[in-house]
$ cat coords.cif   # mmCIF, C-alpha atoms
data_run
loop_
_atom_site.label_atom_id
_atom_site.label_comp_id
_atom_site.auth_asym_id
_atom_site.auth_seq_id
_atom_site.Cartn_x
_atom_site.Cartn_y
_atom_site.Cartn_z
CA MET I 20 -72.16 -44.34 128.29
CA THR I 21 -72.74 -41.06 130.07
CA ALA I 22 -73.61 -38.18 127.76
CA ARG I 23 -71.32 -35.28 128.68
CA GLY I 24 -71.07 -33.14 125.54
CA PRO I 25 -68.78 -30.12 125.10
CA ILE I 26 -68.17 -29.12 128.72
CA VAL I 27 -64.40 -28.66 128.90
CA VAL I 28 -63.00 -25.15 128.38
CA THR I 29 -59.79 -25.29 126.36
CA ILE I 30 -57.91 -23.45 123.60
CA PRO I 31 -57.81 -25.86 120.63
CA GLU I 32 -54.53 -26.28 118.71
CA GLY I 33 -54.15 -23.49 116.14
CA ASP I 34 -56.87 -21.39 117.77
CA ASN I 35 -56.51 -18.31 119.99
CA ARG I 36 -59.72 -18.36 122.04
CA GLU I 37 -61.17 -20.66 124.65
CA ARG I 38 -63.81 -23.06 123.30
CA LEU I 39 -66.02 -25.70 124.88
CA THR I 40 -64.87 -29.17 123.84
CA CYS I 41 -66.26 -32.64 124.52
CA PRO I 42 -63.96 -34.88 126.57
CA ASP I 43 -65.62 -37.97 125.09
CA CYS I 44 -65.52 -37.33 121.36
CA GLY I 45 -63.19 -34.33 120.90
CA PHE I 46 -65.88 -32.15 119.30
CA ILE I 47 -65.18 -28.39 119.47
CA ASN I 48 -68.27 -26.23 119.97
CA TYR I 49 -67.59 -22.94 118.13
CA GLU I 50 -70.13 -20.58 119.61
CA ASN I 51 -71.47 -17.71 117.54
CA PRO I 52 -73.63 -14.70 118.30
CA LYS I 53 -77.34 -15.20 117.65
CA ILE I 54 -79.62 -13.15 115.43
CA VAL I 55 -83.09 -12.13 116.58
CA VAL I 56 -85.46 -10.70 113.98
CA GLY I 57 -88.70 -8.92 114.77
CA SER I 58 -91.00 -6.08 113.84
CA VAL I 59 -92.94 -3.12 115.06
CA ALA I 60 -96.12 -3.80 113.11
CA ALA I 61 -98.87 -1.22 113.03
CA TRP I 62 -102.51 -1.01 112.02
CA GLU I 63 -103.07 2.72 111.57
CA ASP I 64 -102.08 4.23 114.95
CA ARG I 65 -102.06 0.93 116.84
CA ILE I 66 -99.03 -1.30 117.44
CA LEU I 67 -99.05 -5.09 117.71
CA LEU I 68 -97.77 -6.52 120.99
CA CYS I 69 -97.73 -10.09 122.27
CA ARG I 70 -97.89 -11.26 125.90
CA ARG I 71 -95.31 -13.98 126.35
CA ALA I 72 -96.45 -17.54 127.12
CA ILE I 73 -92.84 -18.70 127.57
CA GLU I 74 -89.85 -17.91 129.75
CA PRO I 75 -87.96 -15.69 130.12
CA ARG I 76 -90.39 -12.95 131.07
CA ARG I 77 -93.56 -15.02 130.79
CA GLY I 78 -96.65 -12.78 131.11
CA PHE I 79 -94.84 -9.65 129.89
CA TRP I 80 -95.42 -7.85 126.60
CA THR I 81 -93.05 -7.97 123.66
CA LEU I 82 -92.84 -7.47 119.90
CA PRO I 83 -93.27 -10.44 117.57
CA ALA I 84 -89.64 -11.57 117.28
CA GLY I 85 -87.48 -14.66 117.46
CA TYR I 86 -84.33 -16.38 116.32
CA LEU I 87 -83.47 -16.36 112.65
CA GLU I 88 -83.62 -19.94 111.34
CA LEU I 89 -81.04 -21.61 109.13
CA ASN I 90 -81.43 -20.78 105.42
CA GLU I 91 -83.84 -17.95 106.12
CA THR I 92 -83.73 -14.33 104.95
CA THR I 93 -84.24 -11.65 107.57
CA ASP I 94 -87.47 -10.27 106.12
CA ALA I 95 -88.96 -13.76 105.77
CA SER I 96 -88.02 -14.34 109.40
CA ALA I 97 -89.80 -11.18 110.59
CA ALA I 98 -92.95 -12.17 108.69
CA ARG I 99 -92.81 -15.74 110.04
CA GLU I 100 -92.49 -14.57 113.64
CA ALA I 101 -95.51 -12.24 113.31
CA LEU I 102 -97.51 -15.13 111.86
CA GLU I 103 -96.40 -17.65 114.49
CA GLU I 104 -96.76 -15.44 117.54
CA ALA I 105 -99.76 -13.28 116.58
CA CYS I 106 -101.37 -14.98 113.55
CA ALA I 107 -100.60 -11.65 111.89
CA GLU I 108 -99.84 -11.00 108.25
CA ILE I 109 -97.41 -8.12 107.87
CA ALA I 110 -95.93 -6.10 105.01
CA ILE I 111 -92.37 -5.01 105.78
CA GLU I 112 -91.67 -1.35 105.08
CA GLY I 113 -88.02 -0.94 106.11
CA LEU I 114 -85.38 -1.67 108.72
CA LEU I 115 -86.17 0.27 111.90
CA ALA I 116 -83.13 -0.64 113.99
CA VAL I 117 -80.17 -2.91 114.63
CA TYR I 118 -79.52 -3.45 118.33
CA SER I 119 -76.52 -5.19 119.90
CA VAL I 120 -76.87 -6.93 123.27
CA PRO I 121 -73.22 -7.97 123.69
CA ARG I 122 -73.64 -9.49 127.17
CA ILE I 123 -75.62 -12.32 125.66
CA SER I 124 -74.03 -12.13 122.17
CA GLN I 125 -77.29 -11.19 120.52
CA ILE I 126 -78.01 -8.97 117.53
CA GLN I 127 -81.56 -7.79 116.92
CA LEU I 128 -82.87 -6.66 113.55
CA ILE I 129 -86.21 -4.90 114.02
CA TYR I 130 -88.30 -3.98 110.99
CA ARG I 131 -91.03 -1.39 110.51
CA ALA I 132 -94.11 -3.14 109.19
CA ARG I 133 -97.75 -2.61 108.33
CA LEU I 134 -100.39 -5.11 109.36
CA VAL I 135 -102.25 -6.32 106.28
CA SER I 136 -105.37 -6.64 108.43
CA PRO I 137 -106.24 -5.95 112.08
CA ASN I 138 -107.14 -9.61 112.58
CA VAL I 139 -104.60 -10.92 115.07
CA ALA I 140 -104.75 -13.80 117.55
CA ALA I 141 -102.45 -15.45 120.07
CA GLY I 142 -100.08 -18.02 118.59
CA GLU I 143 -98.52 -20.87 120.59
CA GLU I 144 -95.90 -18.70 122.29
CA SER I 145 -98.35 -15.92 123.25
CA LEU I 146 -100.90 -15.75 126.08
CA GLU I 147 -102.69 -12.96 124.24
CA VAL I 148 -101.99 -10.34 121.61
CA GLY I 149 -103.28 -6.83 121.16
CA LEU I 150 -103.22 -3.63 119.13
CA PHE I 151 -102.26 -0.65 121.27
CA ARG I 152 -102.41 3.09 120.77
CA TRP I 153 -99.30 4.79 122.19
CA GLU I 154 -100.97 5.80 125.45
CA GLU I 155 -102.46 2.32 125.88
CA ILE I 156 -99.12 0.46 125.73
CA PRO I 157 -98.55 -1.50 128.97
CA TRP I 158 -95.25 0.28 129.68
CA LYS I 159 -94.79 -1.25 133.12
CA ASP I 160 -95.14 -4.77 131.77
CA ILE I 161 -92.76 -4.66 128.82
CA ALA I 162 -90.55 -7.76 128.62
CA PHE I 163 -87.17 -6.39 127.53
CA PRO I 164 -85.23 -3.13 127.27
CA SER I 165 -84.98 -3.45 123.50
CA VAL I 166 -88.79 -3.48 123.22
CA HIS I 167 -88.75 -0.02 124.82
CA TRP I 168 -86.05 1.07 122.38
CA ALA I 169 -87.94 -0.19 119.34
CA LEU I 170 -91.26 1.33 120.38
CA ASN I 171 -89.62 4.71 120.99
CA HIS I 172 -87.67 4.51 117.74
CA PHE I 173 -90.88 3.67 115.88
CA ARG I 174 -92.53 6.74 117.35
CA ASP I 175 -89.48 8.80 116.39
CA PHE I 176 -89.75 7.51 112.84
CA ARG I 177 -93.43 8.43 112.64
CA SER I 178 -92.44 11.89 113.81
CA ASP I 179 -89.23 12.60 111.83
CA GLY I 180 -89.63 10.24 108.85
CA ASP I 181 -85.92 9.37 109.02
CA THR I 182 -85.54 5.93 107.42
CA ALA I 183 -81.95 5.35 108.58
CA ALA I 184 -81.64 2.29 110.82
CA ARG I 185 -81.48 3.26 114.49
CA THR I 186 -79.12 1.67 117.00
CA ASN I 187 -78.84 1.19 120.77
CA PRO I 188 -79.75 4.34 122.69
CA PRO I 189 -76.56 6.01 124.02
CA GLY I 190 -75.05 4.00 126.83
CA GLU I 191 -77.70 1.27 126.65
CA LEU I 192 -76.52 -2.30 126.14
CA GLY I 193 -79.66 -4.17 127.16
CA ASN I 194 -78.67 -4.63 130.79
CA ALA I 195 -81.58 -2.66 132.29
CA THR I 196 -84.84 -1.15 131.15
CA PRO I 197 -84.55 2.44 129.90
CA ASP I 198 -86.91 3.63 132.61
CA GLY I 199 -84.56 2.40 135.28
CA HIS I 200 -86.45 -0.66 136.49
CA ARG I 201 -84.07 -3.36 137.64
CA GLY I 202 -86.33 -5.95 139.23
CA PRO I 203 -85.68 -9.69 139.02
CA GLY I 204 -85.51 -10.77 135.44
CA ARG I 205 -85.99 -7.30 134.05
CA ALA I 206 -82.37 -7.11 132.94
CA THR I 207 -82.63 -10.20 130.77
CA GLU I 208 -83.09 -10.05 127.02
CA GLY I 209 -84.64 -13.11 125.40
CA VAL I 210 -86.89 -14.17 122.58
CA MET D 11 -61.36 -43.56 121.27
CA THR D 12 -62.24 -42.26 117.83
CA ALA D 13 -63.38 -38.63 117.77
CA ARG D 14 -66.60 -38.53 115.77
CA GLY D 15 -68.49 -35.47 117.01
CA PRO D 16 -72.05 -34.49 116.02
CA ILE D 17 -72.40 -36.37 112.72
CA VAL D 18 -75.77 -38.10 113.03
CA VAL D 19 -78.85 -36.31 111.62
CA THR D 20 -81.85 -36.83 113.90
CA ILE D 21 -84.88 -35.01 115.32
CA PRO D 22 -84.28 -34.81 119.08
CA GLU D 23 -87.17 -35.60 121.45
CA GLY D 24 -89.41 -32.54 121.87
CA ASP D 25 -87.89 -30.81 118.83
CA ASN D 26 -89.37 -30.39 115.34
CA ARG D 27 -86.26 -30.03 113.17
CA GLU D 28 -83.37 -32.27 112.23
CA ARG D 29 -80.18 -31.61 114.19
CA LEU D 30 -76.69 -33.04 114.11
CA THR D 31 -76.04 -35.17 117.20
CA CYS D 32 -72.99 -36.99 118.45
CA PRO D 33 -73.38 -40.79 118.63
CA ASP D 34 -70.66 -40.97 121.29
CA CYS D 35 -71.77 -38.40 123.85
CA GLY D 36 -75.35 -37.49 122.84
CA PHE D 37 -74.52 -33.80 122.32
CA ILE D 38 -77.02 -31.92 120.11
CA ASN D 39 -75.44 -29.29 117.87
CA TYR D 40 -78.02 -26.51 117.48
CA GLU D 41 -76.75 -24.64 114.46
CA ASN D 42 -77.49 -20.97 114.06
CA PRO D 43 -77.06 -18.50 111.22
CA LYS D 44 -73.81 -16.53 111.30
CA ILE D 45 -73.37 -12.77 111.28
CA VAL D 46 -70.75 -11.11 109.10
CA VAL D 47 -69.99 -7.44 109.74
CA GLY D 48 -68.02 -5.23 107.38
CA SER D 49 -67.72 -1.78 105.89
CA VAL D 50 -67.36 0.23 102.74
CA ALA D 51 -64.73 2.64 104.03
CA ALA D 52 -63.76 5.63 101.93
CA TRP D 53 -61.02 8.22 101.87
CA GLU D 54 -62.51 11.02 99.78
CA ASP D 55 -63.45 9.33 96.48
CA ARG D 56 -61.41 6.18 97.10
CA ILE D 57 -62.70 2.95 98.61
CA LEU D 58 -60.71 0.51 100.75
CA LEU D 59 -60.41 -3.03 99.38
CA CYS D 60 -58.37 -5.98 100.64
CA ARG D 61 -56.92 -8.82 98.58
CA ARG D 62 -57.62 -12.06 100.42
CA ALA D 63 -54.72 -14.09 101.82
CA ILE D 64 -57.05 -16.90 102.90
CA GLU D 65 -59.53 -19.30 101.34
CA PRO D 66 -62.16 -19.15 100.08
CA ARG D 67 -61.33 -16.86 97.16
CA ARG D 68 -57.68 -16.30 98.04
CA GLY D 69 -56.18 -13.61 95.79
CA PHE D 70 -59.51 -11.90 95.14
CA TRP D 71 -60.60 -8.50 96.41
CA THR D 72 -63.09 -7.95 99.19
CA LEU D 73 -64.27 -5.42 101.76
CA PRO D 74 -62.87 -5.53 105.30
CA ALA D 75 -65.38 -7.88 106.93
CA GLY D 76 -65.60 -10.93 109.15
CA TYR D 77 -67.61 -12.87 111.67
CA LEU D 78 -69.06 -11.01 114.63
CA GLU D 79 -67.37 -12.28 117.80
CA LEU D 80 -69.12 -13.24 121.01
CA ASN D 81 -69.94 -10.26 123.26
CA GLU D 82 -69.22 -7.75 120.52
CA THR D 83 -71.39 -4.92 119.18
CA THR D 84 -71.80 -4.68 115.42
CA ASP D 85 -70.09 -1.30 115.05
CA ALA D 86 -67.13 -2.42 117.17
CA SER D 87 -66.90 -5.49 114.95
CA ALA D 88 -66.79 -3.43 111.74
CA ALA D 89 -64.02 -1.25 113.19
CA ARG D 90 -62.06 -4.29 114.40
CA GLU D 91 -62.20 -5.98 111.01
CA ALA D 92 -60.92 -2.84 109.23
CA LEU D 93 -58.07 -2.65 111.71
CA GLU D 94 -57.20 -6.35 111.50
CA GLU D 95 -57.40 -6.74 107.74
CA ALA D 96 -56.19 -3.34 106.55
CA CYS D 97 -54.56 -1.64 109.59
CA ALA D 98 -57.23 0.99 108.94
CA GLU D 99 -58.91 3.26 111.45
CA ILE D 100 -62.50 3.97 110.43
CA ALA D 101 -65.33 6.18 111.63
CA ILE D 102 -68.70 4.57 111.07
CA GLU D 103 -71.30 6.83 109.47
CA GLY D 104 -74.34 4.57 109.16
CA LEU D 105 -75.67 1.18 108.13
CA LEU D 106 -75.37 0.78 104.36
CA ALA D 107 -77.04 -2.60 103.96
CA VAL D 108 -78.25 -5.86 105.44
CA TYR D 109 -77.80 -8.82 103.10
CA SER D 110 -79.13 -12.35 103.56
CA VAL D 111 -77.30 -15.30 102.01
CA PRO D 112 -79.74 -18.04 103.04
CA ARG D 113 -77.95 -20.91 101.25
CA ILE D 114 -75.14 -20.64 103.78
CA SER D 115 -77.26 -19.17 106.61
CA GLN D 116 -75.31 -15.93 106.65
CA ILE D 117 -76.44 -12.37 107.42
CA GLN D 118 -74.17 -9.51 106.45
CA LEU D 119 -74.30 -6.06 108.06
CA ILE D 120 -72.30 -3.62 105.94
CA TYR D 121 -71.61 -0.12 107.28
CA ARG D 122 -70.74 3.10 105.51
CA ALA D 123 -67.52 4.43 107.00
CA ARG D 124 -64.91 7.15 106.60
CA LEU D 125 -61.22 6.37 106.85
CA VAL D 126 -59.67 8.49 109.56
CA SER D 127 -56.46 8.56 107.53
CA PRO D 128 -55.37 7.15 104.15
CA ASN D 129 -52.65 5.11 105.85
CA VAL D 130 -53.61 1.48 105.29
CA ALA D 131 -51.53 -1.70 105.15
CA ALA D 132 -52.12 -5.42 104.72
CA GLY D 133 -53.11 -7.26 107.89
CA GLU D 134 -52.57 -10.98 108.43
CA GLU D 135 -55.53 -12.07 106.32
CA SER D 136 -54.71 -9.76 103.39
CA LEU D 137 -52.09 -10.12 100.64
CA GLU D 138 -52.37 -6.39 99.94
CA VAL D 139 -54.81 -3.55 100.46
CA GLY D 140 -55.59 -0.51 98.37
CA LEU D 141 -57.68 2.62 97.96
CA PHE D 142 -59.55 2.60 94.68
CA ARG D 143 -61.43 5.21 92.71
CA TRP D 144 -64.62 3.78 91.19
CA GLU D 145 -63.10 3.21 87.75
CA GLU D 146 -59.99 1.62 89.29
CA ILE D 147 -61.87 -1.10 91.22
CA PRO D 148 -60.72 -4.57 90.06
CA TRP D 149 -64.25 -5.62 89.08
CA LYS D 150 -63.19 -8.91 87.51
CA ASP D 151 -61.36 -10.00 90.63
CA ILE D 152 -64.00 -9.32 93.28
CA ALA D 153 -64.32 -12.17 95.78
CA PHE D 154 -68.07 -12.40 96.41
CA PRO D 155 -71.42 -11.26 94.96
CA SER D 156 -72.20 -9.24 98.07
CA VAL D 157 -69.05 -7.16 97.56
CA HIS D 158 -70.51 -6.09 94.22
CA TRP D 159 -73.82 -5.30 95.92
CA ALA D 160 -72.19 -3.21 98.64
CA LEU D 161 -69.98 -1.25 96.25
CA ASN D 162 -72.95 -0.44 94.03
CA HIS D 163 -75.12 0.45 97.01
CA PHE D 164 -72.37 2.73 98.30
CA ARG D 165 -72.25 4.52 94.96
CA ASP D 166 -76.05 4.77 95.01
CA PHE D 167 -75.85 6.34 98.46
CA ARG D 168 -73.28 8.88 97.32
CA SER D 169 -75.64 9.73 94.48
CA ASP D 170 -79.07 9.76 96.16
CA GLY D 171 -78.14 10.39 99.80
CA ASP D 172 -80.78 7.89 100.96
CA THR D 173 -79.66 6.63 104.39
CA ALA D 174 -82.16 3.73 104.58
CA ALA D 175 -80.41 0.37 104.82
CA ARG D 176 -80.32 -1.41 101.47
CA THR D 177 -81.00 -5.11 101.02
CA ASN D 178 -80.26 -7.89 98.49
CA PRO D 179 -80.71 -6.73 94.89
CA PRO D 180 -83.96 -8.17 93.49
CA GLY D 181 -83.65 -11.89 92.87
CA GLU D 182 -80.09 -12.05 94.20
CA LEU D 183 -79.37 -14.50 97.02
CA GLY D 184 -75.60 -14.67 96.79
CA ASN D 185 -75.46 -17.70 94.52
CA ALA D 186 -73.72 -15.99 91.60
CA THR D 187 -71.96 -12.72 90.87
CA PRO D 188 -74.28 -9.99 89.58
CA ASP D 189 -72.32 -9.80 86.34
CA GLY D 190 -73.14 -13.42 85.58
CA HIS D 191 -69.77 -15.05 86.22
CA ARG D 192 -70.18 -18.57 87.52
CA GLY D 193 -66.66 -19.94 87.50
CA PRO D 194 -65.31 -22.29 90.19
CA GLY D 195 -65.67 -20.75 93.60
CA ARG D 196 -67.34 -17.59 92.33
CA ALA D 197 -70.67 -18.62 93.75
CA THR D 198 -69.32 -18.96 97.26
CA GLU D 199 -69.75 -16.32 99.92
CA GLY D 200 -67.19 -16.34 102.70
CA VAL D 201 -65.32 -14.07 105.06
#

$ encode --input "coords.cif" --output "structure tokens"
Amino acid sequence: MTARGPIVVTIPEGDNRERLTCPDCGFINYENPKIVVGSVAAWEDRILLCRRAIEPRRGFWTLPAGYLELNETTDASAAREALEEACAEIAIEGLLAVYSVPRISQIQLIYRARLVSPNVAAGEESLEVGLFRWEEIPWKDIAFPSVHWALNHFRDFRSDGDTAARTNPPGELGNATPDGHRGPGRATEGV
Amino acid sequence: MTARGPIVVTIPEGDNRERLTCPDCGFINYENPKIVVGSVAAWEDRILLCRRAIEPRRGFWTLPAGYLELNETTDASAAREALEEACAEIAIEGLLAVYSVPRISQIQLIYRARLVSPNVAAGEESLEVGLFRWEEIPWKDIAFPSVHWALNHFRDFRSDGDTAARTNPPGELGNATPDGHRGPGRATEGV
């Protein structure tokens, strides 16, 4: 038989929102927001960045981050992503920020972390990785708005020492880069 | 035809984890962790609690909290839940805690909040709501371990003023109440 899956928009009995349902088997696909976990990991005054080997935004720089897995804690997830994407061992120091990107139903938890050693290397999802001093960060080739937010919030933390979790910059919902760039693909958050 | 839905455990081609797939239509159900957002909302020295009108843990007391909806920010979600469950208007003051309950793939974001007024009333999912001084809290009838955590972390915050987001108490993963109760249902987190 033809595989169709949940492709029909309908409001199931007893529900009050539209859901995707499968016309073949009756399955209701309850969609939920997704959780991305990542870190700003530093070795002294240098910050770990990864150049993406995957779409979206292949070739652009991002923080080690990815989707939280089932049965995983958030700090274990941040450590796993740093290991997978940059072969980096990190020690988590605190929660830097919680960002909401409502357009794509995504929540990002970004931790402050210390690299246990400066030995980093590209994992499967990275073309290359690097440790950057502030003025060396490839600002024009950053993958997502929230990477800008997190880098700036990390610098703020190093300046003010305020350990409270930061949130989206005023008026920013992840639809454009903070510096105003709006080229093709630049408005898209991803992991 | 019989509605079966995604009930077959298999590793899809090109994947590396087991997923539930539907034998009728071939749909792959990629499960993701779920995000619960809530608040410890206070009016002066009294804290808002809601007695649950729904399972699990019907009749027990909890914080206003629930699943983040699609396209919603986390602070909007916390405010919505307080309104829905306790007809309460809250002003969010900061992120109190991020808890992981990996057994059920749940992340909880709990905010510190101020009640805009002490006028609260039971919403559809609550049997009753109330404002409790610390010594009046119905400790033996608290719905979930993480409610204990959040109440204690809120008191810690009022004592030490530390605005850093708290996390699971050491060794606690939401499998039992901190006070050691392990009766039927007590080990279950829910919203």

$ residues_around --input "coords.cif" --residues "segment 58-67 of chain I" --least-positions-apart "6" --cutoff "9 Å" --atoms "only C-alpha atoms" --output "PyMOL selection string"
chain I and resi 81-84+97-98+100-101+105+107+109-111+114-115+128-137+139+148-153+156+169-170+173

$ calpha_fit_rmsd --input "coords.cif" --fixed "chain I" --moving "chain D"
0.2 Å

$ resolve_selection --input "coords.cif" --expression "the PyMOL selection byres ((chain D) within 6 of (chain I))" --output "PyMOL selection string"
chain D and resi 13-15+35-37+43+80-83+110+112-113+115+173-174

$ atom_distance --input "coords.cif" --atom1 "atom CA of Val46 of chain D" --atom2 "atom CA of Gly76 of chain D"
5.2 Å

$ atom_distance --input "coords.cif" --atom1 "atom CA of Glu138 of chain D" --atom2 "atom CA of Gly184 of chain D"
24.9 Å

$ atom_distance --input "coords.cif" --atom1 "atom CA of Pro189 of chain I" --atom2 "atom CA of Glu155 of chain I"
26.2 Å

$ resolve_selection --input "coords.cif" --expression "the PyMOL selection byres ((chain D and resi 153-156) around 6)" --output "PDB file with C-alpha atoms, keeping the file's coordinate frame"
ATOM      1  CA  ARG D  67     -61.330 -16.860  97.160  1.00  0.00           C
ATOM      2  CA  PHE D  70     -59.510 -11.900  95.140  1.00  0.00           C
ATOM      3  CA  TRP D  71     -60.600  -8.500  96.410  1.00  0.00           C
ATOM      4  CA  THR D  72     -63.090  -7.950  99.190  1.00  0.00           C
ATOM      5  CA  ILE D 152     -64.000  -9.320  93.280  1.00  0.00           C
ATOM      6  CA  VAL D 157     -69.050  -7.160  97.560  1.00  0.00           C
ATOM      7  CA  HIS D 158     -70.510  -6.090  94.220  1.00  0.00           C
ATOM      8  CA  TRP D 159     -73.820  -5.300  95.920  1.00  0.00           C
ATOM      9  CA  GLY D 184     -75.600 -14.670  96.790  1.00  0.00           C
ATOM     10  CA  THR D 187     -71.960 -12.720  90.870  1.00  0.00           C
ATOM     11  CA  GLU D 199     -69.750 -16.320  99.920  1.00  0.00           C
TER      12      GLU D 199
END

$ closest_residue --input "coords.cif" --among "I:Tyr49, I:Gly190, I:Val28, I:Arg71" --to "Glu143 of chain I" --atoms "only C-alpha atoms"
I:Arg71

$ closest_residue --input "coords.cif" --among "D:Ile17, D:Ser87, D:Gly69, D:Gly171" --to "Leu30 of chain D" --atoms "only C-alpha atoms"
D:Ile17

$ closest_residue --input "coords.cif" --among "D:Glu94, D:Asn185, D:Leu59, D:Glu65" --to "Asp151 of chain D" --atoms "all atoms listed in the file"
D:Leu59
